[in-house]
Structures are given as C-alpha cells and as structure tokens.
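> Sharing a structure, written as structure tokens. Questions coming.
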Amino acid sequence: MKPLSAIYYIKKNKVRSFLIIFIFALTYVIYIGGLYLNNIEQTFVYSVQRFDKFAAIQPNGTGVKENFEQSKQKCMEDNRLLVIEQVYGGSVFVSSIMGGVSNGYPIFSFKSVEDFKSYCEYMNISCDFESLKEGSAVMSEMFALNRGLERGELVTADEAENEVLYGDFILDAITDEEGYSFYTIGGADLNTEYLILPVEMDLEQFGVFLKELSDDYDVTAVNGEYLEEEIARQMSSMNKIYFFIVIFTAVVIAVTINAVFVGMYQKREAEYAVYRAIGIGRKRTRRKLICEILVMDLIGLLIGGIVCITALYLLNSLYFHPSGRHIFYYHPISLIGMLVCNGVVLIPLIFTRSRQLMRADICTF
C-alpha cells in the first residue's frame with residue numbers, strides 16, 4: 001500500500017479520475033480544429049513542392065509584351081534550361097473539407113503531347129501517354145475523384161465557381177501525383193505563360209537566375225518560394241482566428257476542470273491534513289498532488305491521441321478519400337495550439353489546488 005503514490009489515488013477512485021482524464025482528452029478538439037483550419041494550406045504544399053523544381057513565367061501587370069518575349073528568348077538561349085511554352089488553360093476549383101469553401105488551381109496547358117511528356121519525364125510523373133491527343137485532359141487521382149470524373153468523360157467548367165476552361169477536353173489519363181494537378185493538351189494560344197525547367201542547373205543557381213530574370217525583364221516568376229509566401233500571407237488571418245479560439249476554449253476547459261477539481265479535492269482536505277499531522281512534509285504532499293494531476297493529464301492525452309488518430313483514419317478512409325479530399329494527421333500549428341490549451345488548463349490548476357490543500361489543518365476537523 002503506497003498512499004503517497006500518484007497511481008494509488010487514481011486506482012482507488014477510478015470514476016472520479018476518469019472524469020478528469022476525459023476533460024484533459026478534450027484538448028484534442030483544439031488539435032483537430034487546427035488540422036481543419038490549416039487543411040487548405042497543407043493541401044497546397046504538394047503544389048509548392050512541385051514548383052520547387054521549376055517555375056512558371058508570367059508577364060507583370062506593369063510589364064510590356066516585349067519584355068515577356070525577351071525573357072523567354074533569354075531562357076531558350078540557356079542550354080541548362082528547358083523551356084516549354086504554354087497555351088492558356090485557365091483555372092479550376094476543387095472542394096475542400098471545409099464545406100462550401102473551394103480552392104483554385106491553375107491549369108497547365110501544353111501545346112503538344114511531346115511537350116507534356118518532356119515535363120513528366122523531368123518531374124518523374126507516371127502517365128499513360130499513348131492515350132493522349134489534342135483535346136486531352138490529364139488529372140491527378142485526387143483531382144479526378146474530387147470532380148467525380150472517370151477516364152473518357154468530358155471535363156467542363158463549373159460556372160458557379162467562375163471557372164475558366166478554354167476548349168472541350170476529355171479526361172484521357174490520370175497521373176500518380178499527390179495533391180491536385182490538372183493538365184490539358186491544346187487550347188487557346190494566348191501566349192501568357194511559359195515553363196522553365198532547370199534540367200542541367202542546380203536549384204540554388206535556378207533561384208538566383210529567376211530573381212535576375214524577374215528584375216531584368218519585369219516578369220513574375222512563380223516558383224515554390226513565391227507560392228509559399230502567397231499562401232502564408234493568405235493564411236495569416238486564419239491562424240490568428242485559430243489562436244483566439246484556442247485561448248477561448250482553453251479558458252472554458254480550465255473553468256470546467258477547476259470546478260470539478262474543487263468538488264473532488266475539497267473532500268480530500270482531511271487526508272492532506274493528516275499527512276501534515278503525522279509529519280509528512282509539504283514538498284512531498286505537494287509532489288503527490290502534482291503527480292496525480294500530471295498522470296491524469298498524460299493518460300487523457302494518450303487516450304485522446306488514440307481516439308483522435310483513429311477518428312481521422314476512419315474519416316479519411318470512409319468519407320474524404322472517396323471524394324478526393326484528405327485531412328492530415330499532423331500540423332505544427334495544431335500541436336502548438338493543443339499544448340497551449342493544455343498548459344492554460346494545467347498550470348493554474350496545479351497552482352490553485354496545491355495552494356489550497358497545503359493549508360489543510362487537522363485542528364479544523
């Protein structure tokens with residue numbers, strides 16, 4: 001019998017302890033909320049990773065057409081680069097896990113099957129090139145599932161989302177890429193973009209080259225760094241809202257769990273008074289109390305983690321994946337939010353409960 005053991009009290013008071021453990025496990029609501037709010041950003045990461053390997057060059061609003069053509073000529077003259085001209089394909093949307101919120105993705109429109117094949121070989125993308133022709137559309141698997149399309153079906157623009165799709169296309173191939181990708185063969189040749197692939201240039205040199213190209217010719221070089229900055233700028237307000245929710249939820253949970261502890265530990269004042277009366281020091285009894293709370297917190301986090309991962313797995317397998325969507329299992333903002341919430345609940349609880357119980361006096365009983 002070890003009455004000063006943290007586990008001892010929990011084993012002897014399973015029902016009361018379970019209530020505290022359950023409330024601690026609820027902090028995973030914050031974790032899931034973070035995954036939900038950051039899902040759009042995480043989904044775009046696949047596009048950022050692809051753009052780390054190449055760049056799309058577009059004319060600036062302030063630039064002139066002549067500058068754009070000169071920039072293209074400069075890239076074509078560099079033997080370390082592969083230039084792939086694009087026809088204008090427009091943009092399409094996919095549904096996110098956030099209800100009616102849709103995300104826009106550009107269409108890469110190649111002039112020929114050979115151009116698309118060159119792009120895929122460089123990017124190491126697997127695709128059935130034999131079925132491609134003028135008027136073909138190619139999508140990643142997630143994109144096709146999200147749009148509810150199968151091979152051989154007509155790809156149309158969603159007018160409700162103000163999508164722009166020049167020409168009629170048939171989905172003739174599906175790639176093995178992660179995330180959302182959409183390509184077409186042929187379309188309206190408006191000469192508004194070209195791709196440059198650093199086939200014989202390392203990526204660090206490529207970054208320097210893009211900066212010089214943008215400065216010298218007043219064009220926009222859309223690469224991974226550019227996309228990452230744009231996404232971070234657009235998501236900054238979302239993260240502020242998230243941390244406001246974190247603090248609000250933490251305060252609500254802290255008030256709730258503190259009220260439970262008051263009722264639960266008020267009955268233990270006599271117990272702690274006896275500890276003092278028989279000569280057990282305050283440090284030892286305080287350590288017992290803190291360990292009890294920490295053990296219940298850890299058990300709550302362990303149980304909550306198992307339930308959370310299981311729930312996310314089932315959601316992905318049964319609901320999101322069949323509709324071309326995915327909720328991720330981890331995001332640093334989600335983890336930070338959960339730890340902040342847990343800390344806001346835990347630290348005041350330890351301080352107030354230990355302070356109250358250390359005042360317990362055997363003479364009052």
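Quick note on naming: the chains in the structure tokens go A, B, ... in the order shown, residues restart at 1 in each chain, and ligands are numbered from 1 in order of appearance.
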Run DSSP on the backbone and give me the residues of segment 106-211 of chain A it puts in strand (DSSP E), as a VMD selection string.
chain A and resid 106 to 110 136 to 140 154 to 155 164 to 165 169 to 175 182 to 185 194 to 197
> Within 12 Å of segment 40-63 of chain A, which residues of segment 193-269 of chain A come that close, and what is the closest atom pair and distance in Å for each? Count only C-alpha atoms and give it as CSV.

```
residue,atom,partner,partner_atom,distance
A:Glu193,CA,A:Gln58,CA,4.9
A:Tyr194,CA,A:Ile57,CA,5.5
A:Leu195,CA,A:Ala56,CA,4.5
A:Ile196,CA,A:Ala55,CA,5.6
A:Leu197,CA,A:Phe54,CA,4.8
A:Pro198,CA,A:Phe54,CA,6.6
A:Val199,CA,A:Phe54,CA,9.2
A:Glu200,CA,A:Lys53,CA,11.7
A:Met201,CA,A:Lys53,CA,10.5
A:Asp202,CA,A:Lys53,CA,9.6
A:Leu203,CA,A:Lys53,CA,7.2
A:Glu204,CA,A:Asp52,CA,10.4
A:Gln205,CA,A:Lys53,CA,11.9
A:Phe206,CA,A:Phe54,CA,8.6
A:Gly207,CA,A:Asp52,CA,9.3
A:Phe209,CA,A:Ala55,CA,10.9
A:Leu210,CA,A:Ala55,CA,8.2
A:Lys211,CA,A:Ala55,CA,11.4
A:Leu213,CA,A:Ile57,CA,9.3
A:Ser214,CA,A:Ile57,CA,8.8
A:Asp215,CA,A:Gly63,CA,11.0
A:Asp216,CA,A:Gly63,CA,10.9
A:Tyr217,CA,A:Gly63,CA,7.8
A:Asp218,CA,A:Gly63,CA,5.5
A:Val219,CA,A:Pro59,CA,4.7
A:Thr220,CA,A:Gln58,CA,5.1
A:Ala221,CA,A:Ile57,CA,4.7
A:Val222,CA,A:Ala56,CA,5.1
A:Asn223,CA,A:Ala55,CA,4.6
A:Gly224,CA,A:Asp52,CA,4.4
A:Glu225,CA,A:Asp52,CA,7.3
A:Tyr226,CA,A:Val48,CA,8.7
A:Leu227,CA,A:Val48,CA,6.2
A:Glu228,CA,A:Val48,CA,6.5
A:Glu229,CA,A:Val48,CA,10.1
A:Glu230,CA,A:Glu41,CA,10.5
A:Ile231,CA,A:Glu41,CA,6.7
A:Ala232,CA,A:Glu41,CA,8.1
A:Arg233,CA,A:Glu41,CA,10.8
A:Gln234,CA,A:Glu41,CA,9.2
A:Met235,CA,A:Glu41,CA,7.3
A:Ser236,CA,A:Glu41,CA,10.6
A:Met238,CA,A:Glu41,CA,10.3
A:Asn239,CA,A:Glu41,CA,10.8
```
> Of the candidates A:Asp115, A:Val344, A:Glu178, A:Ile107, which shows the shortest atom-to-atom distance to Leu82 of chain A, using only C-alpha atoms?
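The closest residue to Leu82 of chain A is A:Asp115.
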> Using only C-alpha atoms, which residue out of A:Val155, A:Met296, A:Val274, A:Ile245 lies closest to Ser334 of chain A?
A:Ile245
> Any idea what's packed within 12 Å of Leu314 of chain A, counting only C-alpha atoms, ignoring anything in its chain fewer than 6 positions away? Could you give it as an MDAnalysis selection string?
chainID A and resid 307:308 320:322 326:327 329
> Show me, as a list in words, the residues that have an atom within 8 Å of segment 142-151 of chain A when counting only C-alpha atoms, minus same-chain residues fewer than 5 positions from it.
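What passes the distance filter is Val94, Ser95, Ile170, Leu171, Asp172, Ala173, Ile174, Glu178, Gly179, Tyr180, Ser181, Phe182, His321, Pro322, Ser323, Gly324 and Arg325 of chain A.
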> Please return as a PyMOL selection string: the residues of segment 236-365 of chain A that backbone DSSP assigns to alpha helix (DSSP H).
chain A and resi 236-266+269-277+282-315+332-357
> Atom CA of Arg284 of chain A and atom CA of Asn258 of chain A are how many Å apart?
22.4 Å
> Residues at most 8 Å from Leu289 of chain A, counting only C-alpha atoms, excluding those fewer than 4 positions away in the same chain, as a list of chain:residue names?
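That gives A:Ala6, A:Thr285, A:Ile293, A:Ile350, A:Ser354.
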> Kindly export the residues of the current selection with N, CA and C atoms, as a PDB file, in the first residue's frame.

```
ATOM      1  N   ALA A   6       1.015   8.569  -6.801  1.00  0.00           N
ATOM      2  CA  ALA A   6       0.005   9.224  -7.650  1.00  0.00           C
ATOM      3  C   ALA A   6      -0.965   8.207  -8.230  1.00  0.00           C
ATOM      4  N   THR A 285       3.917  16.079  -0.054  1.00  0.00           N
ATOM      5  CA  THR A 285       2.481  16.037  -0.344  1.00  0.00           C
ATOM      6  C   THR A 285       2.147  16.854  -1.588  1.00  0.00           C
ATOM      7  N   ILE A 293      -2.162  14.953 -10.835  1.00  0.00           N
ATOM      8  CA  ILE A 293      -2.722  15.758 -11.931  1.00  0.00           C
ATOM      9  C   ILE A 293      -1.987  15.466 -13.237  1.00  0.00           C
ATOM     10  N   ILE A 350      -2.743  23.293 -11.105  1.00  0.00           N
ATOM     11  CA  ILE A 350      -1.726  22.822 -10.159  1.00  0.00           C
ATOM     12  C   ILE A 350      -1.473  23.866  -9.082  1.00  0.00           C
ATOM     13  N   SER A 354      -2.847  22.964  -5.253  1.00  0.00           N
ATOM     14  CA  SER A 354      -1.776  22.690  -4.288  1.00  0.00           C
ATOM     15  C   SER A 354      -1.759  23.731  -3.182  1.00  0.00           C
TER      16      SER A 354
END
```
> Find the residues near Leu302 of chain A: any atom within 12 Å, counting only C-alpha atoms, skip ones fewer than 2 places away on the same chain, and give them as a list of chain:residue names.
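Once the nearby chain positions are removed, what remains is A:Ile21, A:Phe22, A:Phe24, A:Ala25, A:Leu26, A:Thr27, A:Tyr28, A:Val295, A:Met296, A:Asp297, A:Leu298, A:Ile299, A:Gly300, A:Gly304, A:Gly305, A:Ile306, A:Val307, A:Cys308, A:Ile309.
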> Could you turn the residues from that selection into a file that holds all heavy atoms, as a CSV table (one decimal), in the first residue's frame?

```csv
chain,number,residue,atom,x,y,z
A,21,ILE,N,-9.7,12.8,-16.5
A,21,ILE,CA,-9.0,12.3,-17.7
A,21,ILE,C,-9.8,12.6,-19.0
A,21,ILE,O,-9.2,13.1,-20.0
A,21,ILE,CB,-8.8,10.8,-17.6
A,21,ILE,CG1,-7.7,10.5,-16.5
A,21,ILE,CG2,-8.3,10.2,-18.9
A,21,ILE,CD1,-7.6,9.0,-16.1
A,22,PHE,N,-11.1,12.5,-18.9
A,22,PHE,CA,-11.9,12.8,-20.1
A,22,PHE,C,-11.8,14.3,-20.5
A,22,PHE,O,-11.7,14.6,-21.7
A,22,PHE,CB,-13.4,12.4,-19.8
A,22,PHE,CG,-14.3,12.8,-20.9
A,22,PHE,CD1,-14.4,12.1,-22.1
A,22,PHE,CD2,-15.2,13.9,-20.7
A,22,PHE,CE1,-15.3,12.5,-23.1
A,22,PHE,CE2,-16.0,14.3,-21.7
A,22,PHE,CZ,-16.1,13.6,-22.9
A,24,PHE,N,-9.3,16.3,-19.8
A,24,PHE,CA,-8.0,16.6,-20.4
A,24,PHE,C,-7.9,16.1,-21.9
A,24,PHE,O,-7.3,16.7,-22.7
A,24,PHE,CB,-6.9,15.8,-19.6
A,24,PHE,CG,-6.5,16.6,-18.4
A,24,PHE,CD1,-6.5,16.0,-17.1
A,24,PHE,CD2,-6.0,17.9,-18.5
A,24,PHE,CE1,-6.0,16.8,-16.0
A,24,PHE,CE2,-5.6,18.6,-17.4
A,24,PHE,CZ,-5.6,18.1,-16.1
A,25,ALA,N,-8.6,14.9,-22.1
A,25,ALA,CA,-8.6,14.4,-23.5
A,25,ALA,C,-9.3,15.3,-24.5
A,25,ALA,O,-9.1,15.3,-25.7
A,25,ALA,CB,-9.3,13.0,-23.5
A,26,LEU,N,-10.2,16.2,-23.9
A,26,LEU,CA,-11.0,17.1,-24.8
A,26,LEU,C,-10.1,18.2,-25.4
A,26,LEU,O,-10.5,18.8,-26.4
A,26,LEU,CB,-12.1,17.8,-24.0
A,26,LEU,CG,-13.3,16.9,-23.7
A,26,LEU,CD1,-14.3,17.7,-22.9
A,26,LEU,CD2,-14.0,16.4,-24.9
A,27,THR,N,-8.9,18.3,-24.9
A,27,THR,CA,-8.0,19.3,-25.5
A,27,THR,C,-7.6,18.9,-27.0
A,27,THR,O,-7.2,19.7,-27.8
A,27,THR,CB,-6.7,19.5,-24.7
A,27,THR,OG1,-6.0,18.2,-24.6
A,27,THR,CG2,-7.0,20.1,-23.4
A,28,TYR,N,-7.9,17.7,-27.4
A,28,TYR,CA,-7.7,17.2,-28.8
A,28,TYR,C,-8.7,17.9,-29.7
A,28,TYR,O,-8.5,17.8,-30.9
A,28,TYR,CB,-7.7,15.7,-28.9
A,28,TYR,CG,-6.4,15.1,-28.6
A,28,TYR,CD1,-6.0,14.6,-27.4
A,28,TYR,CD2,-5.4,15.0,-29.7
A,28,TYR,CE1,-4.8,14.1,-27.2
A,28,TYR,CE2,-4.2,14.4,-29.5
A,28,TYR,CZ,-3.9,14.0,-28.2
A,28,TYR,OH,-2.6,13.4,-28.0
A,295,VAL,N,-0.3,12.8,-14.1
A,295,VAL,CA,-0.6,11.4,-14.6
A,295,VAL,C,-1.9,11.4,-15.3
A,295,VAL,O,-2.1,10.8,-16.3
A,295,VAL,CB,-0.5,10.4,-13.4
A,295,VAL,CG1,-1.1,9.0,-13.9
A,295,VAL,CG2,0.9,10.2,-13.0
A,296,MET,N,-2.9,12.0,-14.7
A,296,MET,CA,-4.3,12.0,-15.3
A,296,MET,C,-4.2,12.8,-16.6
A,296,MET,O,-4.9,12.4,-17.6
A,296,MET,CB,-5.3,12.7,-14.3
A,296,MET,CG,-5.7,11.7,-13.2
A,296,MET,SD,-7.0,12.4,-12.2
A,296,MET,CE,-6.2,13.6,-11.1
A,297,ASP,N,-3.4,13.9,-16.7
A,297,ASP,CA,-3.3,14.6,-17.9
A,297,ASP,C,-2.6,13.7,-19.0
A,297,ASP,O,-3.1,13.7,-20.1
A,297,ASP,CB,-2.4,15.9,-17.6
A,297,ASP,CG,-2.3,16.7,-18.9
A,297,ASP,OD1,-3.2,16.8,-19.7
A,297,ASP,OD2,-1.2,17.3,-19.1
A,298,LEU,N,-1.6,13.0,-18.6
A,298,LEU,CA,-0.9,12.2,-19.6
A,298,LEU,C,-1.8,11.0,-20.1
A,298,LEU,O,-1.8,10.7,-21.3
A,298,LEU,CB,0.4,11.6,-19.0
A,298,LEU,CG,1.5,12.6,-18.8
A,298,LEU,CD1,2.7,12.0,-18.0
A,298,LEU,CD2,2.0,13.2,-20.1
A,299,ILE,N,-2.5,10.5,-19.2
A,299,ILE,CA,-3.5,9.4,-19.6
A,299,ILE,C,-4.5,10.0,-20.5
A,299,ILE,O,-4.9,9.4,-21.5
A,299,ILE,CB,-4.1,8.8,-18.3
A,299,ILE,CG1,-3.1,8.0,-17.5
A,299,ILE,CG2,-5.2,7.8,-18.8
A,299,ILE,CD1,-3.6,7.5,-16.2
A,300,GLY,N,-5.0,11.2,-20.2
A,300,GLY,CA,-6.0,11.8,-21.0
A,300,GLY,C,-5.4,12.1,-22.4
A,300,GLY,O,-6.1,11.9,-23.4
A,304,GLY,N,-6.8,10.4,-25.7
A,304,GLY,CA,-7.3,11.3,-26.7
A,304,GLY,C,-6.6,11.2,-28.0
A,304,GLY,O,-7.2,11.3,-29.1
A,305,GLY,N,-5.3,10.9,-27.9
A,305,GLY,CA,-4.5,10.7,-29.1
A,305,GLY,C,-4.9,9.5,-29.9
A,305,GLY,O,-5.0,9.6,-31.1
A,306,ILE,N,-5.1,8.4,-29.2
A,306,ILE,CA,-5.6,7.2,-29.9
A,306,ILE,C,-6.9,7.4,-30.5
A,306,ILE,O,-7.2,7.0,-31.7
A,306,ILE,CB,-5.6,6.0,-28.8
A,306,ILE,CG1,-4.2,5.7,-28.3
A,306,ILE,CG2,-6.3,4.8,-29.5
A,306,ILE,CD1,-4.2,4.7,-27.2
A,307,VAL,N,-7.9,8.0,-29.8
A,307,VAL,CA,-9.2,8.3,-30.3
A,307,VAL,C,-9.1,9.2,-31.5
A,307,VAL,O,-9.8,9.0,-32.6
A,307,VAL,CB,-10.1,8.9,-29.3
A,307,VAL,CG1,-11.5,9.3,-29.9
A,307,VAL,CG2,-10.4,7.8,-28.1
A,308,CYS,N,-8.3,10.2,-31.4
A,308,CYS,CA,-8.2,11.3,-32.5
A,308,CYS,C,-7.6,10.6,-33.8
A,308,CYS,O,-8.2,10.8,-34.8
A,308,CYS,CB,-7.2,12.4,-32.0
A,308,CYS,SG,-6.9,13.6,-33.3
A,309,ILE,N,-6.5,9.9,-33.7
A,309,ILE,CA,-5.9,9.3,-34.9
A,309,ILE,C,-6.8,8.3,-35.5
A,309,ILE,O,-7.0,8.2,-36.7
A,309,ILE,CB,-4.6,8.6,-34.5
A,309,ILE,CG1,-3.6,9.7,-34.0
A,309,ILE,CG2,-4.0,7.9,-35.7
A,309,ILE,CD1,-3.2,10.7,-35.0
```
> Considering only C-alpha atoms, can you say which of A:Leu301, A:Ala254, A:Val15, A:Cys120 comes closest to Pro348 of chain A?
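Closest to Pro348 of chain A of all the choices is A:Ala254.
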